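Source file: protein11.txt; contents: compact mmCIF, C-alpha atoms.
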```
# COMPACT_ATOMS: atom_id res chain seq x y z
CA MET A 721 -2.96 7.47 -12.83
CA ALA A 722 -4.01 4.19 -11.21
CA GLU A 723 -6.89 3.78 -13.64
CA ARG A 724 -4.58 4.35 -16.58
CA LEU A 725 -1.95 1.90 -15.34
CA ALA A 726 -4.60 -0.76 -14.73
CA TYR A 727 -5.89 -0.22 -18.26
CA GLU A 728 -2.42 -0.44 -19.78
CA VAL A 729 -1.49 -3.73 -18.09
CA ALA A 730 -4.88 -5.22 -19.11
CA GLU A 731 -4.31 -4.58 -22.81
CA PRO A 732 -3.11 -7.54 -24.93
CA GLY A 733 0.65 -7.15 -25.21
CA GLY A 734 0.42 -4.14 -22.93
CA ARG A 735 2.47 -2.87 -20.03
CA SER A 736 4.54 -5.33 -18.02
CA PRO A 737 3.86 -5.70 -14.28
CA THR A 738 4.50 -2.29 -12.77
CA LEU A 739 5.33 -1.59 -9.13
CA VAL A 740 4.80 1.99 -7.97
CA LEU A 741 6.12 3.30 -4.64
CA TYR A 742 4.72 6.67 -3.65
CA GLU A 743 3.95 9.08 -0.82
CA LEU A 744 0.67 10.94 -0.48
CA GLU A 745 -0.14 14.33 0.92
CA PRO A 746 -2.15 14.08 4.19
CA VAL A 747 -5.53 12.52 3.38
CA ILE A 748 -7.75 9.70 4.63
CA THR A 749 -8.89 7.07 2.16
CA ILE A 750 -11.56 4.48 2.90
CA GLY A 751 -11.77 1.17 1.06
CA ARG A 752 -14.70 -1.17 0.57
CA LEU A 753 -14.49 -2.67 4.08
CA GLY A 754 -14.33 0.65 5.90
CA SER A 755 -16.76 3.43 6.76
CA ARG A 756 -16.84 6.98 8.09
CA THR A 757 -17.37 5.58 11.59
CA ASP A 758 -13.81 4.20 11.50
CA VAL A 759 -12.48 7.77 11.59
CA ASP A 760 -12.60 9.15 15.12
CA LEU A 761 -12.38 12.77 13.99
CA THR A 762 -15.26 15.21 13.76
CA ASP A 763 -15.86 17.21 10.61
CA ASP A 764 -14.58 20.29 12.43
CA GLU A 765 -11.38 18.50 13.40
CA LEU A 766 -10.88 17.33 9.83
CA ARG A 767 -11.27 20.88 8.54
CA ALA A 768 -8.90 22.25 11.20
CA ARG A 769 -6.26 19.70 10.17
CA GLN A 770 -6.99 20.27 6.45
CA LEU A 771 -7.80 16.59 6.01
CA VAL A 772 -10.34 15.26 3.54
CA ILE A 773 -11.85 11.78 3.32
CA ARG A 774 -11.87 9.97 -0.02
CA PHE A 775 -13.79 6.75 -0.68
CA VAL A 776 -11.71 4.67 -3.09
CA GLY A 777 -12.24 1.49 -5.07
CA ARG A 778 -9.81 -0.74 -3.23
CA GLY A 779 -10.17 -3.36 -0.54
CA GLY A 780 -9.32 -2.78 3.08
CA GLY A 781 -10.52 -0.16 5.49
CA ALA A 782 -9.73 3.42 6.45
CA VAL A 783 -6.12 4.54 6.09
CA LEU A 784 -4.53 7.84 7.08
CA HIS A 785 -1.78 8.91 4.68
CA GLY A 786 1.03 11.40 5.01
CA PRO A 787 4.79 11.91 5.21
CA GLY A 788 6.72 8.92 6.48
CA GLN A 789 4.41 6.36 4.90
CA VAL A 790 5.21 4.42 1.72
CA GLY A 791 2.38 3.45 -0.60
CA ILE A 792 2.98 0.25 -2.56
CA ALA A 793 0.89 -0.43 -5.67
CA LEU A 794 1.43 -3.35 -8.03
CA PHE A 795 -0.35 -3.22 -11.39
CA ALA A 796 -0.36 -6.54 -13.23
CA LYS A 797 -2.38 -9.26 -14.86
CA LEU A 798 -2.46 -12.25 -12.55
CA GLU A 799 -1.44 -14.39 -15.53
CA ASP A 800 1.73 -12.32 -15.92
CA LEU A 801 2.57 -13.20 -12.31
CA GLY A 802 2.35 -16.93 -13.01
CA LEU A 803 -1.14 -17.19 -11.53
CA THR A 804 -4.58 -17.81 -12.95
CA SER A 805 -7.17 -15.04 -13.10
CA TYR A 806 -8.82 -16.55 -9.99
CA ASP A 807 -5.71 -16.87 -7.82
CA VAL A 808 -6.34 -13.82 -5.66
CA GLY A 809 -5.50 -15.68 -2.44
CA PRO A 810 -2.03 -16.77 -3.59
CA TYR A 811 -1.42 -13.24 -4.90
CA LEU A 812 -2.24 -11.71 -1.52
CA GLU A 813 0.00 -14.29 0.18
CA ARG A 814 2.96 -13.28 -1.98
CA PHE A 815 2.29 -9.56 -1.58
CA GLU A 816 2.03 -9.80 2.21
CA SER A 817 5.11 -12.02 2.45
CA ALA A 818 7.03 -9.34 0.53
CA LEU A 819 5.89 -6.64 2.96
CA GLU A 820 6.76 -8.85 5.91
CA GLY A 821 10.22 -9.45 4.45
CA ALA A 822 10.72 -5.72 3.88
CA VAL A 823 9.87 -4.93 7.51
CA ARG A 824 12.27 -7.60 8.74
CA ALA A 825 14.95 -6.30 6.37
CA VAL A 826 15.07 -3.01 8.31
CA ARG A 827 15.50 -4.99 11.54
CA CYS A 828 11.95 -4.76 12.83
CA GLY A 829 9.83 -7.66 14.05
CA ALA A 830 6.89 -8.49 11.79
CA ALA A 831 3.99 -10.92 11.98
CA ARG A 832 0.80 -11.72 10.12
CA ASP A 833 -2.60 -12.71 11.51
CA SER A 834 -4.73 -15.30 9.72
CA ARG A 835 -7.90 -13.38 10.63
CA ALA A 836 -6.90 -10.04 9.11
CA HIS A 837 -4.66 -8.81 6.32
CA GLY A 838 -1.65 -6.69 7.14
CA ILE A 839 1.71 -6.78 8.89
CA PHE A 840 1.71 -6.31 12.65
CA GLY A 841 4.44 -5.26 15.06
CA ARG A 842 4.56 -4.91 18.83
CA SER A 843 3.02 -1.44 18.74
CA GLY A 844 0.23 -2.11 16.23
CA LEU A 845 -0.40 -2.41 12.52
CA LEU A 846 2.71 -1.52 10.50
CA ALA A 847 1.45 -2.23 6.97
CA ALA A 848 -2.17 -2.15 5.80
CA MET A 849 -3.52 -3.91 2.73
CA GLY A 850 -5.89 -2.43 0.17
CA VAL A 851 -5.94 -4.41 -3.07
CA ALA A 852 -8.32 -4.15 -6.02
CA VAL A 853 -8.93 -6.89 -8.59
CA ARG A 854 -10.77 -6.28 -11.84
CA ARG A 855 -11.07 -8.81 -14.67
CA GLY A 856 -7.90 -10.62 -13.67
CA VAL A 857 -5.92 -7.40 -13.16
CA VAL A 858 -4.61 -6.48 -9.71
CA TRP A 859 -3.91 -2.91 -8.66
CA HIS A 860 -3.55 -0.77 -5.56
CA GLY A 861 -1.74 -2.75 -2.86
CA GLY A 862 -0.58 -1.68 0.60
CA PHE A 863 0.71 1.08 2.87
CA LEU A 864 3.76 0.78 5.11
CA ASN A 865 4.27 3.20 7.99
CA VAL A 866 8.00 3.77 8.34
CA GLN A 867 8.46 7.03 10.23
CA PRO A 868 5.23 9.07 10.48
CA ALA A 869 4.08 10.71 13.69
CA VAL A 870 1.61 8.10 14.93
CA GLU A 871 -0.63 10.11 17.25
CA LEU A 872 -3.28 10.84 14.63
CA PHE A 873 -3.10 7.28 13.26
CA HIS A 874 -4.50 6.06 16.57
CA ARG A 875 -7.76 7.80 15.73
CA VAL A 876 -8.31 5.89 12.49
CA ARG A 877 -9.35 2.23 12.78
CA THR A 878 -7.62 0.66 9.80
CA VAL A 879 -8.43 -3.02 10.37
CA PRO A 880 -12.23 -3.23 10.06
CA VAL A 881 -14.32 -4.93 12.71
CA ALA A 882 -14.93 -7.54 9.99
CA ALA A 883 -11.66 -9.08 11.16
CA GLY A 884 -13.89 -11.08 13.49
CA PRO A 885 -14.86 -11.21 17.17
CA GLY A 886 -11.99 -12.16 19.41
CA SER A 887 -9.28 -11.25 16.93
CA ARG A 888 -6.48 -9.27 18.52
CA THR A 889 -6.38 -7.22 15.33
CA MET A 890 -10.04 -6.20 15.33
CA GLY A 891 -10.36 -2.44 15.08
CA ALA A 892 -6.56 -2.06 15.03
CA THR A 893 -5.00 1.30 14.31
CA MET A 894 -1.67 1.88 12.60
CA SER A 895 1.66 2.39 14.31
CA SER A 896 5.07 2.61 12.60
CA ILE A 897 8.38 0.81 12.26
CA GLU A 898 10.16 3.59 14.16
CA ALA A 899 7.67 3.32 17.03
CA ASP A 900 8.37 -0.41 17.16
CA VAL A 901 12.16 -0.29 17.12
CA GLN A 902 12.62 3.08 18.91
CA ARG A 903 15.28 4.28 16.48
CA LYS A 904 15.51 6.16 13.20
CA VAL A 905 14.69 4.22 10.04
CA ARG A 906 15.39 5.76 6.65
CA LEU A 907 12.63 5.81 4.05
CA GLN A 908 15.10 4.93 1.31
CA ASP A 909 16.10 1.77 3.17
CA ALA A 910 12.47 0.71 3.44
CA ARG A 911 11.83 1.47 -0.24
CA SER A 912 14.86 -0.54 -1.33
CA ALA A 913 13.75 -3.47 0.82
CA ILE A 914 10.22 -3.34 -0.62
CA VAL A 915 11.50 -3.43 -4.21
CA GLN A 916 13.86 -6.34 -3.52
CA GLN A 917 11.25 -8.34 -1.63
CA MET A 918 8.63 -7.79 -4.35
CA VAL A 919 11.06 -8.90 -7.05
CA ASP A 920 11.80 -12.05 -5.04
CA ALA A 921 8.19 -12.79 -4.07
CA PHE A 922 6.94 -12.67 -7.66
CA ALA A 923 10.12 -14.08 -9.22
CA PHE A 924 10.51 -11.26 -11.74
CA PRO A 925 13.32 -12.29 -14.10
CA GLN A 926 14.49 -8.68 -14.46
CA SER A 927 13.51 -5.28 -13.17
CA HIS A 928 14.03 -1.67 -14.15
CA ILE A 929 13.85 1.14 -11.61
CA GLN A 930 12.91 4.68 -12.56
CA SER A 931 11.91 7.73 -10.55
CA GLY A 932 9.16 10.12 -11.54
CA PHE A 933 5.65 9.49 -12.77
CA PRO A 934 5.12 6.16 -14.58
CA VAL A 935 2.75 7.76 -17.09
CA PRO A 936 2.90 11.18 -18.80
CA LEU A 937 1.08 13.90 -16.92
CA ARG A 938 -1.69 15.75 -18.68
CA GLY A 939 -0.14 18.50 -20.75
CA ALA A 940 3.42 17.34 -20.07
CA GLY A 941 5.92 16.33 -22.72
CA PRO A 942 9.39 14.79 -22.75
CA GLY A 943 10.95 18.14 -21.89
CA HIS A 944 8.78 18.57 -18.79
CA PRO A 945 10.63 17.83 -15.52
CA GLU A 946 7.81 15.59 -14.31
CA PHE A 947 7.55 13.57 -17.51
CA ALA A 948 8.52 9.94 -17.10
CA SER A 949 8.29 6.89 -19.30
CA ARG A 950 7.31 3.45 -18.08
CA VAL A 951 8.41 1.80 -14.90
CA GLY A 952 9.25 -1.87 -15.55
```
Full structure transcribed into structure tokens:
Amino acid sequence: MAERLAYEVAEPGGRSPTLVLYELEPVITIGRLGSRTDVDLTDDELRARQLVIRFVGRGGGAVLHGPGQVGIALFAKLEDLGLTSYDVGPYLERFESALEGAVRAVRCGAARDSRAHGIFGRSGLLAAMGVAVRRGVVWHGGFLNVQPAVELFHRVRTVPVAAGPGSRTMGATMSSIEADVQRKVRLQDARSAIVQQMVDAFAFPQSHIQSGFPVPLRGAGPGHPEFASRVG
């Protein structure tokens, strides 16, 4: 689905910038800055927990996914965001500022570190970054832990050692908003905050929200319950 969305936004006159919020079944993905050594689980433990590791074409390191985490993926041409095809730094700044604003919107402290991407709280990394850029098109994005059980997250080093010697974030593992604030936080509140902050950060003149898949599933038609048209 990600490949198709990236292709559609890259086409001349193609899809408008598309923000996708999603939740994944339990899995560990590893981006270009991560490695198998960042996962402190043996192969036997992975099998016992029914976890697989997938190497994916995004930036960032190793990320554990599962219930209680929100994936945030923005598919767009940088030019459609008011940037040039080389403005990756300003794009990341806007994306991270939106995530920071979303965390603060649910009354949780949030901070960034100049030596590593992501949003940090008192208990650890709350939101990890994992962006891909191809021929002026950005895709993938970030992962915000709202309410997952964090025990297993402490065995996956999400901020790579490449963050730099002496950085307080080096080798950081993920925590969650609920662990930081010690109270219940609703996923729908976090999702709403993410959408609003993204709209503000990229100054979208209008937005359209739709649930379901943003592209037709293979073999599905308009009458299929999982069929969905575009997300604007």
For Asp800 in chain A, work out the shell of residues within 9 Å, counting only C-alpha atoms and skipping chain neighbours fewer than 3 positions away, then give it as a short mmCIF file (atom, residue, chain, number, x, y, z; two decimals) with C-alpha atoms, keeping the file's coordinate frame.
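The result, written out as result-v8.cif:
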```cif
data_model
loop_
_atom_site.label_atom_id
_atom_site.label_comp_id
_atom_site.auth_asym_id
_atom_site.auth_seq_id
_atom_site.Cartn_x
_atom_site.Cartn_y
_atom_site.Cartn_z
CA SER A 736 4.54 -5.33 -18.02
CA PRO A 737 3.86 -5.70 -14.28
CA ALA A 796 -0.36 -6.54 -13.23
CA LYS A 797 -2.38 -9.26 -14.86
CA LEU A 803 -1.14 -17.19 -11.53
CA THR A 804 -4.58 -17.81 -12.95
#
```
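You will find CA of Val935 in chain A at 22.3 Å from CA of His785 in chain A.
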Which one is closest to Gly829 in chain A: A:Phe775, A:Asp764, A:Ser805, A:Ala899? Count all atoms listed in the file.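 The shortest atom-to-atom distance to Gly829 in chain A comes from A:Ala899.
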Can you measure CA of Ile748 in chain A to CA of Gly788 in chain A for me? One decimal in Å is fine.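 Going from CA of Ile748 in chain A over to CA of Gly788 in chain A covers 14.6 Å.
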What is the distance between CA of Gly780 in chain A and CA of Pro746 in chain A, in Å to one decimal?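 That distance, rounded to one decimal, is 18.4 Å.
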Which one is closest to Val790 in chain A: A:Val729, A:Ile914, A:Val853, A:Cys828? Count only C-alpha atoms. A:Ile914
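Between Arg778 in chain A and the candidates A:Val858, A:Leu819, A:Ile897, A:Ala831, the tightest atom-to-atom separation, counting all atoms listed in the file, involves A:Val858.
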Could you check which of A:Gly751, A:Gly809, A:Gly802, A:Gly821 is closest to Met849 in chain A, using all atoms listed in the file?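 Answer, going by the shortest atom-to-atom distance: A:Gly751.
Each of A:Gly850, A:Asp758, A:Gln867, A:Ala768 was compared to Asp909 in chain A using all atoms listed in the file, and A:Gln867 turns out to be the nearest.
Using only C-alpha atoms for every distance, the candidate list A:Val826, A:Leu725, A:Tyr811, A:Leu739 yields A:Val826 as the residue closest to Lys904 in chain A.
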Could you name the residues that touch Ile792 in chain A at 6 Å or less, counting all atoms listed in the file, but leaving out those on the same chain fewer than 2 positions away, as an MDAnalysis selection string? chainID A and resid 740:741 861:863
Residues within 12 Å of (13.3, -1.4, -3.7), file coordinates, counting all atoms listed in the file: what are they? Give the list as a PyMOL selection string. chain A and resi 739-742+790+792+818-819+821-822+825+907-920+927-931
Pick out the residues sitting within 9 Å of Ala848 in chain A, and hand them over as an MDAnalysis selection string; count all atoms listed in the file, and ignore anything fewer than 4 positions along from it in its own chain. chainID A and resid 780:781 783 837:840 861:865 878:879 894
I'd like the contact shell of Asp900 in chain A - 10 Å cut-off, all atoms listed in the file, skipping same-chain residues fewer than 5 positions apart - returned as a PyMOL selection string. chain A and resi 828-830+840-844+846+866+895
Residues at most 12 Å from Thr762 in chain A, counting only C-alpha atoms, excluding those fewer than 3 positions away in the same chain, as a PyMOL selection string? chain A and resi 756-759+765-769+771-773+875-876
